[in-house]
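Dumped query-v7.csv below, it's CSV, C-alpha atoms (C1' of nucleotides):
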chain,number,residue,atom,x,y,z
T,1,MET,CA,89.5,95.0,93.8
T,2,GLY,CA,90.2,98.2,95.6
T,3,ALA,CA,93.9,98.7,94.9
T,4,THR,CA,94.9,101.6,92.7
T,5,LYS,CA,95.8,100.5,89.1
T,6,SER,CA,99.0,102.4,89.1
T,7,ASP,CA,100.6,100.2,86.4
T,8,GLU,CA,97.9,101.2,83.9
T,9,PHE,CA,99.0,104.9,84.0
T,10,SER,CA,102.1,106.6,82.9
T,11,VAL,CA,105.2,107.0,85.0
T,12,LYS,CA,104.8,110.8,84.8
T,13,ASP,CA,101.2,110.7,86.0
T,14,ASN,CA,102.2,108.5,88.8
T,15,LYS,CA,105.0,110.8,89.8
T,16,ILE,CA,102.7,113.8,89.9
T,17,ALA,CA,100.2,111.8,91.9
T,18,SER,CA,102.8,110.6,94.4
T,19,TYR,CA,104.1,114.1,95.1
T,20,ALA,CA,100.5,115.3,95.5
T,21,LYS,CA,99.8,112.4,97.8
T,22,ALA,CA,102.6,113.6,100.1
T,23,LEU,CA,100.9,117.0,100.4
T,24,ALA,CA,97.4,115.5,100.7
T,25,HIS,CA,97.1,115.7,104.4
T,26,PRO,CA,97.1,118.9,106.5
T,27,ALA,CA,99.5,117.4,109.1
T,28,ARG,CA,102.1,116.8,106.4
T,29,VAL,CA,101.6,120.3,105.0
T,30,ALA,CA,102.0,121.6,108.5
T,31,ILE,CA,105.2,119.6,109.0
T,32,LEU,CA,106.7,120.8,105.7
T,33,LYS,CA,105.9,124.4,106.7
T,34,MET,CA,107.6,123.9,110.0
T,35,LEU,CA,110.7,122.5,108.3
T,36,ILE,CA,110.7,125.5,105.9
T,37,ARG,CA,110.2,128.0,108.7
T,38,ARG,CA,112.8,126.5,111.1
T,39,GLN,CA,115.1,125.0,108.5
T,40,ALA,CA,115.4,121.8,110.5
T,41,CYS,CA,113.4,120.0,113.2
T,42,ILE,CA,113.7,117.0,115.3
T,43,CYS,CA,110.7,114.8,115.6
T,44,GLY,CA,110.0,116.1,119.1
T,45,ASP,CA,109.7,119.7,117.9
T,46,ILE,CA,106.9,118.7,115.6
T,47,VAL,CA,105.2,116.6,118.2
T,48,ASP,CA,105.2,119.6,120.5
T,49,GLU,CA,103.6,121.8,117.9
T,50,LEU,CA,101.1,119.6,116.2
T,51,PRO,CA,98.0,118.0,117.8
T,52,LEU,CA,99.0,114.4,117.1
T,53,SER,CA,100.7,111.7,119.0
T,54,GLN,CA,104.4,110.9,118.6
T,55,SER,CA,103.7,107.7,116.7
T,56,THR,CA,101.4,109.4,114.3
T,57,ILE,CA,103.9,112.2,113.6
T,58,SER,CA,106.5,109.6,113.1
T,59,GLN,CA,104.3,107.9,110.6
T,60,HIS,CA,103.7,111.1,108.6
T,61,LEU,CA,107.5,111.8,108.7
T,62,LYS,CA,108.1,108.4,107.2
T,63,GLU,CA,105.6,109.0,104.4
T,64,LEU,CA,107.3,112.3,103.6
T,65,LYS,CA,110.7,110.6,103.6
T,66,VAL,CA,109.4,107.9,101.2
T,67,SER,CA,108.1,110.7,98.9
T,68,GLY,CA,111.6,112.1,98.9
T,69,LEU,CA,110.5,115.5,100.0
T,70,ILE,CA,112.4,115.4,103.3
T,71,THR,CA,115.6,113.8,104.7
T,72,GLY,CA,116.2,112.5,108.1
T,73,ASP,CA,119.7,112.8,109.6
T,74,VAL,CA,120.4,110.7,112.7
T,75,GLU,CA,122.2,112.8,115.3
T,76,GLY,CA,122.7,110.7,118.4
T,77,THR,CA,119.3,109.9,119.8
T,78,LYS,CA,117.7,112.6,117.7
T,79,VAL,CA,116.8,112.7,114.1
T,80,CYS,CA,117.1,116.0,112.2
T,81,TYR,CA,114.5,116.4,109.5
T,82,CYS,CA,115.0,118.8,106.6
T,83,ILE,CA,113.5,119.6,103.2
T,84,ASP,CA,115.3,117.8,100.4
T,85,GLU,CA,116.1,120.7,98.1
T,86,LYS,CA,116.6,118.7,95.0
T,87,GLU,CA,113.4,116.6,95.3
T,88,TRP,CA,111.5,119.7,96.5
T,89,ASN,CA,112.4,121.4,93.3
T,90,THR,CA,111.5,118.4,91.2
T,91,ALA,CA,108.1,118.3,92.8
T,92,GLN,CA,107.6,122.0,92.2
T,93,GLU,CA,108.6,121.5,88.5
T,94,VAL,CA,106.4,118.6,88.0
T,95,LEU,CA,103.3,120.2,89.6
T,96,THR,CA,104.0,123.6,88.0
T,97,GLY,CA,104.3,121.8,84.7
T,98,LEU,CA,100.8,120.4,85.0
T,99,PHE,CA,99.3,123.8,86.0
T,100,THR,CA,101.0,125.8,83.3
T,101,SER,CA,100.1,123.3,80.6
T,102,TYR,CA,96.6,124.5,81.1
T,103,GLU,CA,97.5,128.2,80.6
T,104,VAL,CA,99.2,127.3,77.4
T,105,SER,CA,96.4,125.5,75.8
T,106,LYS,CA,93.3,126.8,77.4
T,107,GLY,CA,90.4,127.6,75.1
T,108,THR,CA,86.7,127.8,75.0
T,109,CYS,CA,84.7,125.3,76.9
T,110,CYS,CA,81.2,123.9,76.3
E,111,MET,CA,90.2,106.6,115.6
E,112,GLY,CA,91.2,106.6,112.0
E,113,ALA,CA,89.5,109.8,110.8
E,114,THR,CA,91.7,112.7,109.8
E,115,LYS,CA,91.8,115.5,112.4
E,116,SER,CA,91.1,118.2,109.9
E,117,ASP,CA,89.7,120.6,112.5
E,118,GLU,CA,93.0,120.7,114.3
E,119,PHE,CA,94.8,122.2,111.4
E,120,SER,CA,94.5,125.6,109.7
E,121,VAL,CA,92.0,126.3,107.0
E,122,LYS,CA,95.0,127.1,104.7
E,123,ASP,CA,96.7,123.8,105.3
E,124,ASN,CA,93.5,122.0,104.7
E,125,LYS,CA,93.0,123.9,101.5
E,126,ILE,CA,96.4,122.9,100.2
E,127,ALA,CA,95.9,119.3,101.3
E,128,SER,CA,92.5,119.2,99.5
E,129,TYR,CA,93.8,120.4,96.2
E,130,ALA,CA,96.7,118.0,96.6
E,131,LYS,CA,94.3,115.2,97.3
E,132,ALA,CA,92.5,115.9,94.0
E,133,LEU,CA,95.8,115.3,92.2
E,134,ALA,CA,96.8,112.4,94.3
E,135,HIS,CA,95.6,109.7,91.9
E,136,PRO,CA,97.1,109.0,88.5
E,137,ALA,CA,93.7,108.5,87.0
E,138,ARG,CA,92.7,112.0,88.1
E,139,VAL,CA,95.9,113.4,86.8
E,140,ALA,CA,95.2,111.7,83.5
E,141,ILE,CA,91.7,113.1,83.4
E,142,LEU,CA,92.9,116.6,84.0
E,143,LYS,CA,95.5,116.2,81.3
E,144,MET,CA,92.8,115.1,78.9
E,145,LEU,CA,90.6,118.1,79.7
E,146,ILE,CA,93.6,120.4,79.2
E,147,ARG,CA,94.5,118.8,75.9
E,148,ARG,CA,91.0,118.6,74.5
E,149,GLN,CA,89.5,121.6,76.3
E,150,ALA,CA,86.4,119.6,77.0
E,151,CYS,CA,85.4,116.0,77.3
E,152,ILE,CA,82.3,114.1,77.9
E,153,CYS,CA,82.5,111.2,80.4
E,154,GLY,CA,82.5,108.7,77.6
E,155,ASP,CA,85.6,110.1,76.0
E,156,ILE,CA,87.5,109.5,79.2
E,157,VAL,CA,86.1,106.1,79.7
E,158,ASP,CA,87.3,105.3,76.1
E,159,GLU,CA,90.8,106.4,76.9
E,160,LEU,CA,91.5,105.3,80.4
E,161,PRO,CA,91.7,101.7,81.6
E,162,LEU,CA,88.9,102.0,84.2
E,163,SER,CA,85.2,101.2,84.2
E,164,GLN,CA,82.5,103.9,83.6
E,165,SER,CA,81.4,103.9,87.2
E,166,THR,CA,85.0,104.4,88.5
E,167,ILE,CA,85.6,107.2,86.0
E,168,SER,CA,82.4,108.8,87.1
E,169,GLN,CA,83.5,108.5,90.7
E,170,HIS,CA,86.8,110.3,90.0
E,171,LEU,CA,85.0,113.0,88.0
E,172,LYS,CA,82.8,113.6,91.1
E,173,GLU,CA,85.9,114.0,93.3
E,174,LEU,CA,87.4,116.4,90.9
E,175,LYS,CA,84.1,118.3,90.8
E,176,VAL,CA,84.0,118.4,94.6
E,177,SER,CA,87.5,119.8,94.7
E,178,GLY,CA,86.3,122.5,92.4
E,179,LEU,CA,89.0,121.9,89.8
E,180,ILE,CA,86.5,120.9,87.1
E,181,THR,CA,83.0,121.8,86.1
E,182,GLY,CA,80.3,119.5,84.5
E,183,ASP,CA,77.8,121.0,82.2
E,184,VAL,CA,74.8,118.9,81.3
E,185,GLU,CA,74.1,118.9,77.6
E,186,GLY,CA,71.2,116.6,76.9
E,187,THR,CA,72.2,113.1,77.9
E,188,LYS,CA,75.9,114.0,77.9
E,189,VAL,CA,77.9,116.0,80.5
E,190,CYS,CA,80.6,118.2,79.3
E,191,TYR,CA,83.6,118.4,81.7
E,192,CYS,CA,86.1,121.3,81.7
E,193,ILE,CA,88.8,122.7,83.8
E,194,ASP,CA,87.4,125.5,86.1
E,195,GLU,CA,89.9,128.3,85.3
E,196,LYS,CA,89.4,130.3,88.5
E,197,GLU,CA,89.7,127.3,90.8
E,198,TRP,CA,92.6,126.0,88.8
E,199,ASN,CA,94.5,129.3,89.2
E,200,THR,CA,93.7,129.3,93.0
E,201,ALA,CA,95.1,125.8,93.3
E,202,GLN,CA,98.2,126.8,91.4
E,203,GLU,CA,98.7,129.8,93.6
E,204,VAL,CA,98.2,127.9,96.8
E,205,LEU,CA,100.6,125.1,95.9
E,206,THR,CA,103.2,127.5,94.3
E,207,GLY,CA,103.0,129.5,97.5
E,208,LEU,CA,104.1,126.6,99.5
E,209,PHE,CA,106.9,125.7,97.1
E,210,THR,CA,108.3,129.2,96.8
E,211,SER,CA,108.1,129.8,100.6
E,212,TYR,CA,111.0,127.3,100.8
E,213,GLU,CA,113.1,129.1,98.2
E,214,VAL,CA,112.7,132.3,100.2
E,215,SER,CA,113.7,131.0,103.5
E,216,LYS,CA,116.0,128.1,102.8
E,217,GLY,CA,119.1,127.8,104.7
E,218,THR,CA,121.6,125.4,106.1
E,219,CYS,CA,120.3,122.1,107.3
E,220,CYS,CA,121.8,119.8,110.0
P,221,DA,C1',125.9,98.9,134.1
P,222,DA,C1',121.6,101.2,134.7
P,223,DG,C1',118.8,104.9,133.6
P,224,DT,C1',117.1,108.5,130.5
P,225,DA,C1',115.8,110.6,126.2
P,226,DT,C1',114.4,110.2,121.5
P,227,DT,C1',112.4,108.0,117.7
P,228,DA,C1',110.7,103.9,115.2
P,229,DT,C1',107.8,100.0,114.9
P,230,DC,C1',104.0,96.8,116.1
P,231,DG,C1',99.3,95.8,116.8
P,232,DT,C1',94.9,97.3,116.2
P,233,DA,C1',90.6,99.9,115.3
P,234,DA,C1',88.2,103.4,112.7
P,235,DT,C1',87.6,105.4,108.5
P,236,DA,C1',88.5,106.4,103.6
P,237,DT,C1',89.6,105.2,99.0
P,238,DT,C1',89.5,102.5,94.8
P,239,DA,C1',87.2,99.6,91.8
P,240,DC,C1',83.5,97.0,89.7
P,241,DG,C1',78.9,95.3,88.2
P,242,DA,C1',74.2,96.2,88.5
P,243,DT,C1',70.8,99.4,88.5
P,244,DA,C1',68.6,104.0,88.4
P,245,DT,C1',67.9,108.3,86.0
P,246,DA,C1',67.3,111.5,82.4
P,247,DA,C1',67.3,113.1,77.8
P,248,DT,C1',67.0,112.0,73.1
P,249,DA,C1',65.5,109.0,69.1
P,250,DA,C1',62.6,105.8,66.8
M,251,DT,C1',55.2,105.1,73.9
M,252,DT,C1',59.2,102.5,73.7
M,253,DA,C1',63.9,102.1,72.7
M,254,DT,C1',68.5,104.0,73.1
M,255,DT,C1',72.3,106.6,74.9
M,256,DA,C1',75.0,108.7,78.5
M,257,DT,C1',75.9,109.3,83.1
M,258,DA,C1',75.2,108.9,88.1
M,259,DT,C1',74.4,106.2,92.0
M,260,DC,C1',74.0,101.9,94.9
M,261,DG,C1',75.9,98.0,96.9
M,262,DT,C1',79.9,95.7,97.9
M,263,DA,C1',84.6,94.0,98.4
M,264,DA,C1',89.5,94.8,98.6
M,265,DT,C1',92.9,97.8,100.0
M,266,DA,C1',94.9,102.0,102.0
M,267,DT,C1',95.1,105.7,105.3
M,268,DT,C1',94.9,107.7,109.8
M,269,DA,C1',95.5,107.5,114.6
M,270,DC,C1',96.8,105.8,119.1
M,271,DG,C1',99.0,103.2,122.9
M,272,DA,C1',102.4,100.0,123.9
M,273,DT,C1',106.7,98.5,123.1
M,274,DA,C1',111.3,98.1,120.9
M,275,DA,C1',115.5,100.1,119.5
M,276,DT,C1',119.3,103.2,119.9
M,277,DA,C1',122.4,106.5,121.7
M,278,DC,C1',123.6,109.3,125.3
M,279,DT,C1',124.2,110.2,130.7
M,280,DT,C1',125.3,109.1,135.2
As structure tokens, the full file:
Amino acid sequence: MGATKSDEFSVKDNKIASYAKALAHPARVAILKMLIRRQACICGDIVDELPLSQSTISQHLKELKVSGLITGDVEGTKVCYCIDEKEWNTAQEVLTGLFTSYEVSKGTCC
Amino acid sequence: MGATKSDEFSVKDNKIASYAKALAHPARVAILKMLIRRQACICGDIVDELPLSQSTISQHLKELKVSGLITGDVEGTKVCYCIDEKEWNTAQEVLTGLFTSYEVSKGTCC
DNA sequence: AAGTATTATCGTAATATTACGATATAATAA
DNA sequence: TTATTATATCGTAATATTACGATAATACTT
């Protein structure tokens, strides 16, 4: 017991949940905002700006990479992180889809 | 160690993260979708439709209530759950804000 | 080749989440 | 009053997340 029963839910719901999970930590939100503001960042830039250790930042970057929302391009000893435009748009669509489905069908409550 | 350093991040980033957290589990996404589709549900309706025990559903409902995204109106022995329109709109704005801030300032990457 | 810089990974500890059964609570029904 | 119904909460176990220091890996510099 304890493990999420992902299999029991639809692929779509899992997709929404997984994008949401990527955004579900303030450090990851802050990282994404940095990437948006500066277009590209190396890991060190982020370590300098956020109050977390290098290893923790690296871990968050990995999670964001797994979610697909960011890419990491190796450039010598540095790694250049950027928003993945395509996946970013997909995430936006998927989440916006959930939000607007309410507007469409909202009615009287109890 | 182990606890999220929420204090070290901005209120806004925490707000985004907390809404995202509410959506970060397929069961909660499925619950929200049910509430959207049927406008209102009692706990038992959800228990009947989702592959989780009554206590687990109740726990997820509690989390959604804490996030503010849903309300729970007691009606006799039953509790009628609904989307909280105001908070739902706030969540949408906050998340859409993040997504569109990219579109505005996107540029060349590495 | 040796040193430096940058990032990833390992090991580990603390905390949080997910899930269930059992039980408590509260309102209605018999 | 005593069931019945519906939901919440408690206790607990499994798993996941968050965070850090230490160390490894990799590419550049001297």
* Counting only C-alpha atoms, the option among E:Ala127, E:Ile146, E:Ala113, E:Ile141 closest to Thr100 of chain T -> E:Ile146
* Asked: Counting only C-alpha atoms (C1' of nucleotides), which residues of chain T come no farther than 6 Å from chain M, as a ChimeraX atom specification?
  -> /T:1-3,76-77
* Tell me the residues of chain P close to chain E, meaning within 7 Å using all atoms listed in the file, as a PyMOL selection string. => chain P and resi 233-235+239+246-247
Each residue of chain E lying at most 7 Å from chain T should get a row with its shortest atom-to-atom pair and the distance in Å to one decimal, counting all atoms listed in the file; could you produce that, ordered by chain and increasing number, as JSON lines?
{"residue": "E:Ser116", "atom": "CA", "partner": "T:Pro26", "partner_atom": "CA", "distance": 6.9}
{"residue": "E:Glu118", "atom": "CA", "partner": "T:Pro51", "partner_atom": "CA", "distance": 6.7}
{"residue": "E:Phe119", "atom": "CA", "partner": "T:Pro26", "partner_atom": "CA", "distance": 6.3}
{"residue": "E:Asp123", "atom": "CA", "partner": "T:Pro26", "partner_atom": "CA", "distance": 5.1}
{"residue": "E:Asn124", "atom": "CA", "partner": "T:Pro26", "partner_atom": "CA", "distance": 5.1}
{"residue": "E:Ala127", "atom": "CA", "partner": "T:Ala24", "partner_atom": "CA", "distance": 4.1}
{"residue": "E:Ser128", "atom": "CA", "partner": "T:Ala24", "partner_atom": "CA", "distance": 6.3}
{"residue": "E:Ala130", "atom": "CA", "partner": "T:Ala20", "partner_atom": "CA", "distance": 4.8}
{"residue": "E:Lys131", "atom": "CA", "partner": "T:Ala24", "partner_atom": "CA", "distance": 4.6}
{"residue": "E:Leu133", "atom": "CA", "partner": "T:Ala17", "partner_atom": "CA", "distance": 5.6}
{"residue": "E:Ala134", "atom": "CA", "partner": "T:Ala17", "partner_atom": "CA", "distance": 4.2}
{"residue": "E:His135", "atom": "CA", "partner": "T:Ala17", "partner_atom": "CA", "distance": 5.1}
{"residue": "E:Pro136", "atom": "CA", "partner": "T:Asp13", "partner_atom": "CA", "distance": 5.1}
{"residue": "E:Val139", "atom": "CA", "partner": "T:Asp13", "partner_atom": "CA", "distance": 6.0}
{"residue": "E:Ala140", "atom": "CA", "partner": "T:Asp13", "partner_atom": "CA", "distance": 6.6}
{"residue": "E:Ile146", "atom": "CA", "partner": "T:Tyr102", "partner_atom": "CA", "distance": 5.4}
{"residue": "E:Arg147", "atom": "CA", "partner": "T:Ser105", "partner_atom": "CA", "distance": 7.0}
{"residue": "E:Gln149", "atom": "CA", "partner": "T:Cys109", "partner_atom": "CA", "distance": 6.1}
{"residue": "E:Ala150", "atom": "CA", "partner": "T:Cys109", "partner_atom": "CA", "distance": 5.9}
{"residue": "E:Pro161", "atom": "CA", "partner": "T:Glu8", "partner_atom": "CA", "distance": 6.6}
{"residue": "E:Cys190", "atom": "CA", "partner": "T:Cys110", "partner_atom": "CA", "distance": 6.5}
{"residue": "E:Cys192", "atom": "CA", "partner": "T:Cys109", "partner_atom": "CA", "distance": 6.4}
{"residue": "E:Gln202", "atom": "CA", "partner": "T:Phe99", "partner_atom": "CA", "distance": 6.3}
{"residue": "E:Phe209", "atom": "CA", "partner": "T:Gln92", "partner_atom": "CA", "distance": 6.2}
{"residue": "E:Tyr212", "atom": "CA", "partner": "T:Ile36", "partner_atom": "CA", "distance": 5.4}
{"residue": "E:Ser215", "atom": "CA", "partner": "T:Ile36", "partner_atom": "CA", "distance": 6.7}
{"residue": "E:Lys216", "atom": "CA", "partner": "T:Gln39", "partner_atom": "CA", "distance": 6.6}
{"residue": "E:Gly217", "atom": "CA", "partner": "T:Gln39", "partner_atom": "CA", "distance": 6.2}
{"residue": "E:Thr218", "atom": "CA", "partner": "T:Gln39", "partner_atom": "CA", "distance": 6.9}
{"residue": "E:Cys219", "atom": "CA", "partner": "T:Ala40", "partner_atom": "CA", "distance": 5.9}
{"residue": "E:Cys220", "atom": "CA", "partner": "T:Cys80", "partner_atom": "CA", "distance": 6.4}
* Find the distance between atom CA of Gly68 of chain T and atom CA of Ile42 of chain T and write it in Å to one decimal. => 17.2 Å
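The space separating atom CA of Glu87 of chain T from atom CA of Glu49 of chain T comes to 25.2 Å.
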* Asked: To one decimal place, how far is atom CA of Val94 of chain T from atom C1' of DT238 of chain P in Å?
  ->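 Separation of atom CA of Val94 of chain T and atom C1' of DT238 of chain P: 24.3 Å.
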